[in-house]
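Here is the file target00.pdb (PDB, C-alpha atoms and all ligand atoms).
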```pdb
ATOM      1  CA  MET A 101     -17.987  -4.857  -8.609  1.00  0.00           C
ATOM      2  CA  LYS A 102     -16.167  -1.901  -7.121  1.00  0.00           C
ATOM      3  CA  LEU A 103     -12.921  -2.292  -5.206  1.00  0.00           C
ATOM      4  CA  ALA A 104     -11.020   0.079  -2.989  1.00  0.00           C
ATOM      5  CA  LEU A 105      -7.239  -0.128  -3.216  1.00  0.00           C
ATOM      6  CA  LEU A 106      -5.301   0.906  -0.115  1.00  0.00           C
ATOM      7  CA  SER A 107      -1.553   0.493   0.195  1.00  0.00           C
ATOM      8  CA  ASP A 108       1.327   1.396   2.485  1.00  0.00           C
ATOM      9  CA  ILE A 109      -0.793   2.467   5.447  1.00  0.00           C
ATOM     10  CA  HIS A 110       2.297   2.167   7.655  1.00  0.00           C
ATOM     11  CA  SER A 111       0.606   2.302  11.077  1.00  0.00           C
ATOM     12  CA  ASN A 112      -0.957   5.710  10.314  1.00  0.00           C
ATOM     13  CA  LEU A 113      -4.404   5.515  11.934  1.00  0.00           C
ATOM     14  CA  GLU A 114      -5.388   9.144  11.227  1.00  0.00           C
ATOM     15  CA  ALA A 115      -4.744   8.699   7.493  1.00  0.00           C
ATOM     16  CA  LEU A 116      -6.661   5.396   7.408  1.00  0.00           C
ATOM     17  CA  GLU A 117      -9.637   6.878   9.273  1.00  0.00           C
ATOM     18  CA  ALA A 118      -9.717   9.804   6.829  1.00  0.00           C
ATOM     19  CA  VAL A 119      -9.802   7.480   3.809  1.00  0.00           C
ATOM     20  CA  LEU A 120     -12.401   4.932   5.000  1.00  0.00           C
ATOM     21  CA  PRO A 121     -15.488   7.231   4.674  1.00  0.00           C
ATOM     22  CA  ALA A 122     -14.594   7.738   0.990  1.00  0.00           C
ATOM     23  CA  LEU A 123     -15.000   3.997   0.362  1.00  0.00           C
ATOM     24  CA  SER A 124     -18.723   3.609   1.090  1.00  0.00           C
ATOM     25  CA  GLU A 125     -19.542   2.702  -2.523  1.00  0.00           C
ATOM     26  CA  VAL A 126     -17.174  -0.281  -2.724  1.00  0.00           C
ATOM     27  CA  ASP A 127     -17.906  -3.996  -2.389  1.00  0.00           C
ATOM     28  CA  ARG A 128     -14.448  -4.942  -1.171  1.00  0.00           C
ATOM     29  CA  ILE A 129     -11.322  -3.311   0.224  1.00  0.00           C
ATOM     30  CA  LEU A 130      -7.951  -4.647  -0.925  1.00  0.00           C
ATOM     31  CA  VAL A 131      -4.884  -3.731   1.126  1.00  0.00           C
ATOM     32  CA  LEU A 132      -1.644  -4.021  -0.818  1.00  0.00           C
ATOM     33  CA  GLY A 133       0.789  -4.500   2.059  1.00  0.00           C
ATOM     34  CA  ASP A 134       2.965  -2.466   4.401  1.00  0.00           C
ATOM     35  CA  ILE A 135       0.205  -2.203   6.951  1.00  0.00           C
ATOM     36  CA  VAL A 136       2.792  -1.497   9.665  1.00  0.00           C
ATOM     37  CA  GLY A 137       6.228   0.133   9.941  1.00  0.00           C
ATOM     38  CA  TYR A 138       7.231   3.828  10.277  1.00  0.00           C
ATOM     39  CA  GLY A 139       4.087   4.953  12.128  1.00  0.00           C
ATOM     40  CA  PRO A 140       2.789   4.900  15.702  1.00  0.00           C
ATOM     41  CA  ASP A 141      -0.447   2.809  15.590  1.00  0.00           C
ATOM     42  CA  PRO A 142       0.230  -0.707  14.259  1.00  0.00           C
ATOM     43  CA  ASN A 143      -2.314  -2.525  16.443  1.00  0.00           C
ATOM     44  CA  ALA A 144      -5.127  -0.002  15.926  1.00  0.00           C
ATOM     45  CA  VAL A 145      -4.600  -0.026  12.148  1.00  0.00           C
ATOM     46  CA  ILE A 146      -4.731  -3.835  12.044  1.00  0.00           C
ATOM     47  CA  ALA A 147      -7.886  -3.851  14.185  1.00  0.00           C
ATOM     48  CA  ARG A 148      -9.562  -1.319  11.862  1.00  0.00           C
ATOM     49  CA  LEU A 149      -8.705  -3.345   8.743  1.00  0.00           C
ATOM     50  CA  ARG A 150     -10.108  -6.477  10.357  1.00  0.00           C
ATOM     51  CA  ALA A 151     -13.288  -4.590  11.316  1.00  0.00           C
ATOM     52  CA  VAL A 152     -13.928  -3.540   7.707  1.00  0.00           C
ATOM     53  CA  ARG A 153     -13.062  -7.071   6.487  1.00  0.00           C
ATOM     54  CA  ALA A 154     -10.311  -5.871   4.190  1.00  0.00           C
ATOM     55  CA  ARG A 155      -8.433  -8.479   2.176  1.00  0.00           C
ATOM     56  CA  ALA A 156      -4.718  -7.891   2.503  1.00  0.00           C
ATOM     57  CA  VAL A 157      -1.363  -9.128   1.285  1.00  0.00           C
ATOM     58  CA  LEU A 158       1.948  -9.013   3.118  1.00  0.00           C
ATOM     59  CA  GLY A 159       4.390  -6.144   2.521  1.00  0.00           C
ATOM     60  CA  ASN A 160       8.105  -6.080   3.233  1.00  0.00           C
ATOM     61  CA  HIS A 161       7.638  -4.115   6.469  1.00  0.00           C
ATOM     62  CA  ASP A 162       4.970  -6.615   7.576  1.00  0.00           C
ATOM     63  CA  ALA A 163       7.246  -9.541   6.675  1.00  0.00           C
ATOM     64  CA  ALA A 164      10.063  -8.007   8.756  1.00  0.00           C
ATOM     65  CA  MET A 165       7.832  -8.309  11.820  1.00  0.00           C
ATOM     66  CA  LEU A 166       7.818 -12.084  11.340  1.00  0.00           C
ATOM     67  CA  ALA A 167      11.460 -12.465  10.199  1.00  0.00           C
ATOM     68  CA  PRO A 168      13.525  -9.811  12.028  1.00  0.00           C
ATOM     69  CA  SER A 169      16.658 -10.483   9.916  1.00  0.00           C
ATOM     70  CA  LEU A 170      14.836  -8.681   7.070  1.00  0.00           C
ATOM     71  CA  LEU A 171      15.401  -5.428   9.011  1.00  0.00           C
ATOM     72  CA  ASP A 172      19.100  -5.705   8.049  1.00  0.00           C
ATOM     73  CA  TRP A 173      18.043  -4.668   4.529  1.00  0.00           C
ATOM     74  CA  PHE A 174      16.233  -1.547   5.752  1.00  0.00           C
ATOM     75  CA  ASN A 175      17.737   1.931   6.089  1.00  0.00           C
ATOM     76  CA  PRO A 176      18.610   2.820   9.721  1.00  0.00           C
ATOM     77  CA  HIS A 177      15.438   4.878  10.377  1.00  0.00           C
ATOM     78  CA  ALA A 178      13.145   2.244   8.871  1.00  0.00           C
ATOM     79  CA  ALA A 179      14.952  -0.486  10.845  1.00  0.00           C
ATOM     80  CA  ALA A 180      14.615   1.505  14.089  1.00  0.00           C
ATOM     81  CA  ALA A 181      10.893   1.948  13.427  1.00  0.00           C
ATOM     82  CA  GLY A 182      10.689  -1.769  12.628  1.00  0.00           C
ATOM     83  CA  ARG A 183      12.241  -2.715  15.969  1.00  0.00           C
ATOM     84  CA  TRP A 184       9.832  -0.354  17.773  1.00  0.00           C
ATOM     85  CA  THR A 185       6.900  -1.949  15.927  1.00  0.00           C
ATOM     86  CA  GLN A 186       8.069  -5.483  16.778  1.00  0.00           C
ATOM     87  CA  ALA A 187       7.985  -4.562  20.454  1.00  0.00           C
ATOM     88  CA  ALA A 188       4.596  -2.819  20.144  1.00  0.00           C
ATOM     89  CA  LEU A 189       2.704  -5.556  18.277  1.00  0.00           C
ATOM     90  CA  THR A 190       0.264  -7.642  20.289  1.00  0.00           C
ATOM     91  CA  PRO A 191       0.288 -11.424  19.796  1.00  0.00           C
ATOM     92  CA  GLU A 192      -3.055 -11.029  18.017  1.00  0.00           C
ATOM     93  CA  SER A 193      -1.649  -8.455  15.572  1.00  0.00           C
ATOM     94  CA  ARG A 194       1.371 -10.663  14.950  1.00  0.00           C
ATOM     95  CA  ARG A 195      -0.920 -13.612  14.192  1.00  0.00           C
ATOM     96  CA  TYR A 196      -2.860 -11.446  11.761  1.00  0.00           C
ATOM     97  CA  LEU A 197       0.301 -10.453   9.857  1.00  0.00           C
ATOM     98  CA  ALA A 198       1.452 -14.091   9.839  1.00  0.00           C
ATOM     99  CA  SER A 199      -1.857 -15.063   8.201  1.00  0.00           C
ATOM    100  CA  LEU A 200      -1.363 -12.778   5.193  1.00  0.00           C
ATOM    101  CA  PRO A 201      -0.368 -14.191   1.783  1.00  0.00           C
ATOM    102  CA  LYS A 202       2.233 -12.511  -0.421  1.00  0.00           C
ATOM    103  CA  PHE A 203      -0.015 -12.806  -3.459  1.00  0.00           C
ATOM    104  CA  GLY A 204      -3.773 -12.280  -3.829  1.00  0.00           C
ATOM    105  CA  ARG A 205      -6.260 -13.236  -6.542  1.00  0.00           C
ATOM    106  CA  LEU A 206      -9.649 -11.693  -7.249  1.00  0.00           C
ATOM    107  CA  GLY A 207     -11.210 -13.549 -10.183  1.00  0.00           C
ATOM    108  CA  PRO A 208      -8.688 -13.148 -13.006  1.00  0.00           C
ATOM    109  CA  HIS A 209      -6.968 -10.245 -11.307  1.00  0.00           C
ATOM    110  CA  ARG A 210      -3.930 -10.186  -9.018  1.00  0.00           C
ATOM    111  CA  TYR A 211      -2.768  -8.061  -6.119  1.00  0.00           C
ATOM    112  CA  VAL A 212       0.649  -7.896  -4.480  1.00  0.00           C
ATOM    113  CA  HIS A 213       2.794  -5.519  -2.488  1.00  0.00           C
ATOM    114  CA  GLY A 214       5.752  -4.981  -4.817  1.00  0.00           C
ATOM    115  CA  SER A 215       5.500  -6.937  -8.050  1.00  0.00           C
ATOM    116  CA  PRO A 216       3.850 -10.158  -9.282  1.00  0.00           C
ATOM    117  CA  ARG A 217       7.202 -11.499 -10.529  1.00  0.00           C
ATOM    118  CA  LYS A 218       8.482 -14.513  -8.621  1.00  0.00           C
ATOM    119  CA  PRO A 219      10.324 -14.932  -6.388  1.00  0.00           C
ATOM    120  CA  TYR A 220       8.835 -12.069  -4.366  1.00  0.00           C
ATOM    121  CA  MET A 221      11.921  -9.940  -3.811  1.00  0.00           C
ATOM    122  CA  TRP A 222      10.031  -6.713  -3.092  1.00  0.00           C
ATOM    123  CA  GLU A 223      10.798  -5.351  -6.551  1.00  0.00           C
ATOM    124  CA  TYR A 224       9.812  -1.689  -7.095  1.00  0.00           C
ATOM    125  CA  ILE A 225       7.845  -1.135 -10.312  1.00  0.00           C
ATOM    126  CA  LEU A 226       9.114   2.263 -11.399  1.00  0.00           C
ATOM    127  CA  ASP A 227       9.601   2.395 -15.171  1.00  0.00           C
ATOM    128  CA  ASP A 228       7.597   1.525 -18.237  1.00  0.00           C
ATOM    129  CA  LEU A 229       9.978  -1.042 -19.756  1.00  0.00           C
ATOM    130  CA  GLN A 230      10.047  -3.010 -16.511  1.00  0.00           C
ATOM    131  CA  ALA A 231       6.251  -2.690 -16.326  1.00  0.00           C
ATOM    132  CA  LEU A 232       5.882  -3.873 -19.932  1.00  0.00           C
ATOM    133  CA  GLU A 233       7.811  -7.088 -19.180  1.00  0.00           C
ATOM    134  CA  ILE A 234       5.443  -7.727 -16.277  1.00  0.00           C
ATOM    135  CA  LEU A 235       2.339  -6.881 -18.357  1.00  0.00           C
ATOM    136  CA  VAL A 236       3.368  -9.291 -21.142  1.00  0.00           C
ATOM    137  CA  ARG A 237       3.631 -12.181 -18.663  1.00  0.00           C
ATOM    138  CA  LEU A 238       0.488 -11.143 -16.821  1.00  0.00           C
ATOM    139  CA  GLY A 239      -1.837 -11.303 -19.852  1.00  0.00           C
ATOM    140  CA  PRO A 240      -5.272  -9.636 -19.980  1.00  0.00           C
ATOM    141  CA  ARG A 241      -5.822  -8.890 -16.308  1.00  0.00           C
ATOM    142  CA  PHE A 242      -5.096  -6.235 -13.737  1.00  0.00           C
ATOM    143  CA  CYS A 243      -2.423  -6.387 -11.114  1.00  0.00           C
ATOM    144  CA  PHE A 244      -2.792  -3.980  -8.182  1.00  0.00           C
ATOM    145  CA  PHE A 245       0.445  -3.133  -6.401  1.00  0.00           C
ATOM    146  CA  GLY A 246       2.029  -0.676  -3.978  1.00  0.00           C
ATOM    147  CA  HIS A 247       5.502  -0.407  -2.402  1.00  0.00           C
ATOM    148  CA  THR A 248       6.687   2.723  -4.279  1.00  0.00           C
ATOM    149  CA  HIS A 249       4.177   4.996  -2.487  1.00  0.00           C
ATOM    150  CA  LEU A 250       3.510   6.672  -5.895  1.00  0.00           C
ATOM    151  CA  PRO A 251       0.074   6.674  -7.601  1.00  0.00           C
ATOM    152  CA  ARG A 252       0.600   5.185 -11.070  1.00  0.00           C
ATOM    153  CA  ILE A 253      -1.008   3.311 -13.954  1.00  0.00           C
ATOM    154  CA  PHE A 254       1.205   1.247 -16.256  1.00  0.00           C
ATOM    155  CA  THR A 255      -0.252  -0.135 -19.500  1.00  0.00           C
ATOM    156  CA  ALA A 256       1.194  -1.211 -22.851  1.00  0.00           C
ATOM    157  CA  GLU A 257       1.001   2.507 -23.727  1.00  0.00           C
ATOM    158  CA  GLY A 258       3.415   3.381 -20.921  1.00  0.00           C
ATOM    159  CA  GLU A 259       3.250   5.132 -17.581  1.00  0.00           C
ATOM    160  CA  GLU A 260       0.496   7.482 -16.445  1.00  0.00           C
ATOM    161  CA  ILE A 261       0.633   9.747 -13.408  1.00  0.00           C
ATOM    162  CA  PRO A 262      -3.085  10.000 -12.675  1.00  0.00           C
ATOM    163  CA  ASP A 263      -4.959  13.109 -11.587  1.00  0.00           C
ATOM    164  CA  PRO A 264      -7.230  12.427  -8.616  1.00  0.00           C
ATOM    165  CA  GLY A 265     -11.002  12.705  -8.944  1.00  0.00           C
ATOM    166  CA  GLU A 266     -11.726  11.530 -12.472  1.00  0.00           C
ATOM    167  CA  TRP A 267     -12.580   8.077 -13.815  1.00  0.00           C
ATOM    168  CA  ILE A 268      -9.811   6.750 -16.054  1.00  0.00           C
ATOM    169  CA  THR A 269     -10.773   3.921 -18.411  1.00  0.00           C
ATOM    170  CA  LEU A 270      -8.499   0.888 -18.220  1.00  0.00           C
ATOM    171  CA  PRO A 271      -7.454  -1.403 -21.082  1.00  0.00           C
ATOM    172  CA  ALA A 272      -7.576  -5.204 -20.615  1.00  0.00           C
ATOM    173  CA  ALA A 273      -4.152  -5.297 -18.961  1.00  0.00           C
ATOM    174  CA  ALA A 274      -2.891  -2.749 -16.458  1.00  0.00           C
ATOM    175  CA  LEU A 275      -0.755  -2.370 -13.363  1.00  0.00           C
ATOM    176  CA  VAL A 276      -2.375   0.032 -10.892  1.00  0.00           C
ATOM    177  CA  ASN A 277      -0.758   1.537  -7.788  1.00  0.00           C
ATOM    178  CA  PRO A 278      -3.103   3.650  -5.610  1.00  0.00           C
ATOM    179  CA  GLY A 279      -0.221   5.434  -3.855  1.00  0.00           C
ATOM    180  CA  SER A 280       0.247   5.396  -0.090  1.00  0.00           C
ATOM    181  CA  VAL A 281      -2.393   5.992   2.566  1.00  0.00           C
ATOM    182  CA  GLY A 282      -0.018   6.632   5.445  1.00  0.00           C
ATOM    183  CA  GLN A 283       3.222   7.949   3.960  1.00  0.00           C
ATOM    184  CA  PRO A 284       2.729   9.540   0.492  1.00  0.00           C
ATOM    185  CA  ARG A 285       5.966  10.265  -1.363  1.00  0.00           C
ATOM    186  CA  ASP A 286       4.753  12.172  -4.428  1.00  0.00           C
ATOM    187  CA  GLY A 287       5.003  15.584  -2.788  1.00  0.00           C
ATOM    188  CA  ASN A 288       1.330  15.640  -1.768  1.00  0.00           C
ATOM    189  CA  PRO A 289       0.870  14.904   1.952  1.00  0.00           C
ATOM    190  CA  GLU A 290      -2.807  13.913   1.590  1.00  0.00           C
ATOM    191  CA  ALA A 291      -3.694  10.233   2.056  1.00  0.00           C
ATOM    192  CA  ALA A 292      -3.954   8.407  -1.286  1.00  0.00           C
ATOM    193  CA  TYR A 293      -6.318   5.628  -2.383  1.00  0.00           C
ATOM    194  CA  ALA A 294      -8.030   4.374  -5.544  1.00  0.00           C
ATOM    195  CA  ILE A 295     -11.434   2.957  -6.493  1.00  0.00           C
ATOM    196  CA  VAL A 296     -11.620   0.396  -9.302  1.00  0.00           C
ATOM    197  CA  ASP A 297     -14.868  -0.321 -11.143  1.00  0.00           C
ATOM    198  CA  LEU A 298     -14.249  -3.759 -12.637  1.00  0.00           C
ATOM    199  CA  ALA A 299     -17.385  -3.614 -14.813  1.00  0.00           C
ATOM    200  CA  THR A 300     -16.363  -0.582 -16.891  1.00  0.00           C
ATOM    201  CA  PRO A 301     -13.384  -1.106 -16.262  1.00  0.00           C
ATOM    202  CA  ALA A 302     -12.035   2.144 -14.861  1.00  0.00           C
ATOM    203  CA  VAL A 303     -10.095   3.542 -11.926  1.00  0.00           C
ATOM    204  CA  ARG A 304     -10.513   6.744  -9.946  1.00  0.00           C
ATOM    205  CA  PHE A 305      -7.710   7.996  -7.705  1.00  0.00           C
ATOM    206  CA  GLY A 306      -8.502   9.966  -4.573  1.00  0.00           C
ATOM    207  CA  ARG A 307      -6.708  12.123  -2.012  1.00  0.00           C
ATOM    208  CA  VAL A 308      -7.971  13.160   1.408  1.00  0.00           C
ATOM    209  CA  PRO A 309      -6.417  15.482   3.963  1.00  0.00           C
ATOM    210  CA  TYR A 310      -5.956  14.108   7.461  1.00  0.00           C
ATOM    211  CA  ASP A 311      -4.684  15.331  10.817  1.00  0.00           C
ATOM    212  CA  VAL A 312      -0.941  15.099  10.089  1.00  0.00           C
ATOM    213  CA  ALA A 313      -0.065  17.008  13.289  1.00  0.00           C
ATOM    214  CA  THR A 314      -1.676  14.348  15.497  1.00  0.00           C
ATOM    215  CA  THR A 315       0.224  11.531  13.759  1.00  0.00           C
ATOM    216  CA  GLN A 316       3.464  13.504  14.036  1.00  0.00           C
ATOM    217  CA  ALA A 317       2.893  14.085  17.765  1.00  0.00           C
ATOM    218  CA  LYS A 318       2.311  10.353  18.309  1.00  0.00           C
ATOM    219  CA  ILE A 319       5.489   9.495  16.365  1.00  0.00           C
ATOM    220  CA  ARG A 320       7.522  11.888  18.509  1.00  0.00           C
ATOM    221  CA  SER A 321       6.061  10.778  21.825  1.00  0.00           C
ATOM    222  CA  ALA A 322       6.644   7.109  20.882  1.00  0.00           C
ATOM    223  CA  GLY A 323      10.326   7.889  20.333  1.00  0.00           C
ATOM    224  CA  LEU A 324      10.144   6.851  16.668  1.00  0.00           C
ATOM    225  CA  PRO A 325      12.684   8.536  14.321  1.00  0.00           C
ATOM    226  CA  GLU A 326      11.998  12.268  13.829  1.00  0.00           C
ATOM    227  CA  VAL A 327      12.369  11.919  10.059  1.00  0.00           C
ATOM    228  CA  GLU A 328       9.262   9.709   9.985  1.00  0.00           C
ATOM    229  CA  ALA A 329       7.269  12.589  11.513  1.00  0.00           C
ATOM    230  CA  ALA A 330       8.789  15.379   9.411  1.00  0.00           C
ATOM    231  CA  ARG A 331       8.292  13.664   6.048  1.00  0.00           C
ATOM    232  CA  LEU A 332       4.511  13.336   6.540  1.00  0.00           C
ATOM    233  CA  ALA A 333       4.033  17.116   6.240  1.00  0.00           C
ATOM    234  CA  LEU A 334       5.999  17.132   2.985  1.00  0.00           C
ATOM    235  CA  GLY A 335       4.616  14.010   1.362  1.00  0.00           C
ATOM    236  CA  ARG A 336       8.183  12.697   0.883  1.00  0.00           C
TER     237      ARG A 336
HETATM  238 ZN    ZN B 401       5.848   1.009   2.118  1.00  0.00          ZN
END
```
Could you take the file, read its structure, and then write that structure out as structure tokens?
Ligand code: ZN
Amino acid sequence: MKLALLSDIHSNLEALEAVLPALSEVDRILVLGDIVGYGPDPNAVIARLRAVRARAVLGNHDAAMLAPSLLDWFNPHAAAAGRWTQAALTPESRRYLASLPKFGRLGPHRYVHGSPRKPYMWEYILDDLQALEILVRLGPRFCFFGHTHLPRIFTAEGEEIPDPGEWITLPAAALVNPGSVGQPRDGNPEAAYAIVDLATPAVRFGRVPYDVATTQAKIRSAGLPEVEAARLALGR
């Protein structure tokens, strides 16, 4: 079985539409949370994910749409974008977000937004010692995660910053972050995704350019914070 991993789409329809044609070989699309927030197209992104029957988990920006007090924890620009998104969401989109679990299972494997450690406090997995603690508890399975917007593989061997385009063999236990579709923060503005071949098992990271200028124009005309437009061209 082949899976596509998409994370942190953040209401960026142009980035999502650029990535979807690269996923034709996969049996299932997993979305690792933060479907909305920051960007200008929350309802269209949700509709597109429903149309391709993606399986998704809830991210912290998605959760803030259902529990507005969570926006108090966000930086001012993210909170402003969150309030804009709350007003823009249709009842149908809101129902969709409310239906999402915080934790997903696919056979023995797991997928989450931030970290599989309970309680779900939107932990950022950033270093190899932290990842090792999680791997030890996880046992011989994969956990797919997002939240940091950085493509990464963590195994018992440590952290790997993967090059896009080549198949990377996975050991029995690994934490895999595909990076962000809609707001990459690794200095590369191209939309990020990953394909996992569970049979091998192996992962291949991918990047695709998209029409950043169109997304930026939509952000500006919506009155969303300027920083959320500017950062897309930088991948930061
Ligand atoms: Zn995010």
Which chains and residue numbers are within 7 Å of ligand ZN 401 (chain B), counting only C-alpha atoms and all ligand atoms, if I want them as a PyMOL selection string?
chain A and resi 108+110+134+161+247-249
Scan for residues within 8 Å of the point (7.4, -6.3, -2.6) in the coordinates of the file, using only C-alpha atoms, and reply as a tab-separated table (two decimals) with C-alpha atoms, in the frame of the given file.
```
chain	number	residue	atom	x	y	z
A	159	GLY	CA	4.39	-6.14	2.52
A	160	ASN	CA	8.10	-6.08	3.23
A	212	VAL	CA	0.65	-7.90	-4.48
A	213	HIS	CA	2.79	-5.52	-2.49
A	214	GLY	CA	5.75	-4.98	-4.82
A	215	SER	CA	5.50	-6.94	-8.05
A	220	TYR	CA	8.84	-12.07	-4.37
A	221	MET	CA	11.92	-9.94	-3.81
A	222	TRP	CA	10.03	-6.71	-3.09
A	223	GLU	CA	10.80	-5.35	-6.55
A	224	TYR	CA	9.81	-1.69	-7.10
A	246	GLY	CA	2.03	-0.68	-3.98
A	247	HIS	CA	5.50	-0.41	-2.40
```
Suppose a student applies the PyMOL selection byres (((chain A and resi 267-271) around 12) and not hetatm) to this structure; what residues should they get, written as a ChimeraX atom specification?
/A:235,239-243,252-258,260-266,272-276,294-306
Could you write out that same residue set with C-alpha atoms as a short mmCIF file (atom, residue, chain, number, x, y, z; two decimals), in the frame of the given file?
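File written: again_33.cif
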```cif
data_model
loop_
_atom_site.label_atom_id
_atom_site.label_comp_id
_atom_site.auth_asym_id
_atom_site.auth_seq_id
_atom_site.Cartn_x
_atom_site.Cartn_y
_atom_site.Cartn_z
CA LEU A 235 2.34 -6.88 -18.36
CA GLY A 239 -1.84 -11.30 -19.85
CA PRO A 240 -5.27 -9.64 -19.98
CA ARG A 241 -5.82 -8.89 -16.31
CA PHE A 242 -5.10 -6.24 -13.74
CA CYS A 243 -2.42 -6.39 -11.11
CA ARG A 252 0.60 5.18 -11.07
CA ILE A 253 -1.01 3.31 -13.95
CA PHE A 254 1.20 1.25 -16.26
CA THR A 255 -0.25 -0.14 -19.50
CA ALA A 256 1.19 -1.21 -22.85
CA GLU A 257 1.00 2.51 -23.73
CA GLY A 258 3.42 3.38 -20.92
CA GLU A 260 0.50 7.48 -16.44
CA ILE A 261 0.63 9.75 -13.41
CA PRO A 262 -3.08 10.00 -12.68
CA ASP A 263 -4.96 13.11 -11.59
CA PRO A 264 -7.23 12.43 -8.62
CA GLY A 265 -11.00 12.70 -8.94
CA GLU A 266 -11.73 11.53 -12.47
CA ALA A 272 -7.58 -5.20 -20.62
CA ALA A 273 -4.15 -5.30 -18.96
CA ALA A 274 -2.89 -2.75 -16.46
CA LEU A 275 -0.76 -2.37 -13.36
CA VAL A 276 -2.38 0.03 -10.89
CA ALA A 294 -8.03 4.37 -5.54
CA ILE A 295 -11.43 2.96 -6.49
CA VAL A 296 -11.62 0.40 -9.30
CA ASP A 297 -14.87 -0.32 -11.14
CA LEU A 298 -14.25 -3.76 -12.64
CA ALA A 299 -17.39 -3.61 -14.81
CA THR A 300 -16.36 -0.58 -16.89
CA PRO A 301 -13.38 -1.11 -16.26
CA ALA A 302 -12.04 2.14 -14.86
CA VAL A 303 -10.10 3.54 -11.93
CA ARG A 304 -10.51 6.74 -9.95
CA PHE A 305 -7.71 8.00 -7.70
CA GLY A 306 -8.50 9.97 -4.57
#
```
Taking (1.9, 11.3, 0.9) as a centre in this file's frame and 9 Å as the limit, can you find every polymer residue with an atom that close, using only C-alpha atoms, and give them as a list in words?
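In the file's frame, the residues around the point are His249, Leu250, Gly279, Ser280, Val281, Gly282, Gln283, Pro284, Arg285, Asp286, Gly287, Asn288, Pro289, Glu290, Ala291, Ala292, Arg331, Leu332, Ala333, Leu334, Gly335 and Arg336 of chain A.
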Find the residue from A:Ala163, A:Ile225, A:Val145, A:Ala151 that sits nearest to A:Asn277; use all atoms listed in the file when measuring.
A:Ile225
Under the rule that all atoms listed in the file are counted, which of A:Ala181, A:Ile146, A:Leu158, A:Leu130 is the nearest residue to A:Ile319?
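Ranked by minimum distance to A:Ile319, first place goes to A:Ala181.
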Size and centre in Å, one decimal, axis-aligned box, all listed stretch 249-257 of chain A atoms plus 8 Å per side, as JSON:
```
{"center_x": 1.6, "center_y": 2.7, "center_z": -13.1, "size_x": 21.2, "size_y": 23.9, "size_z": 37.2}
```
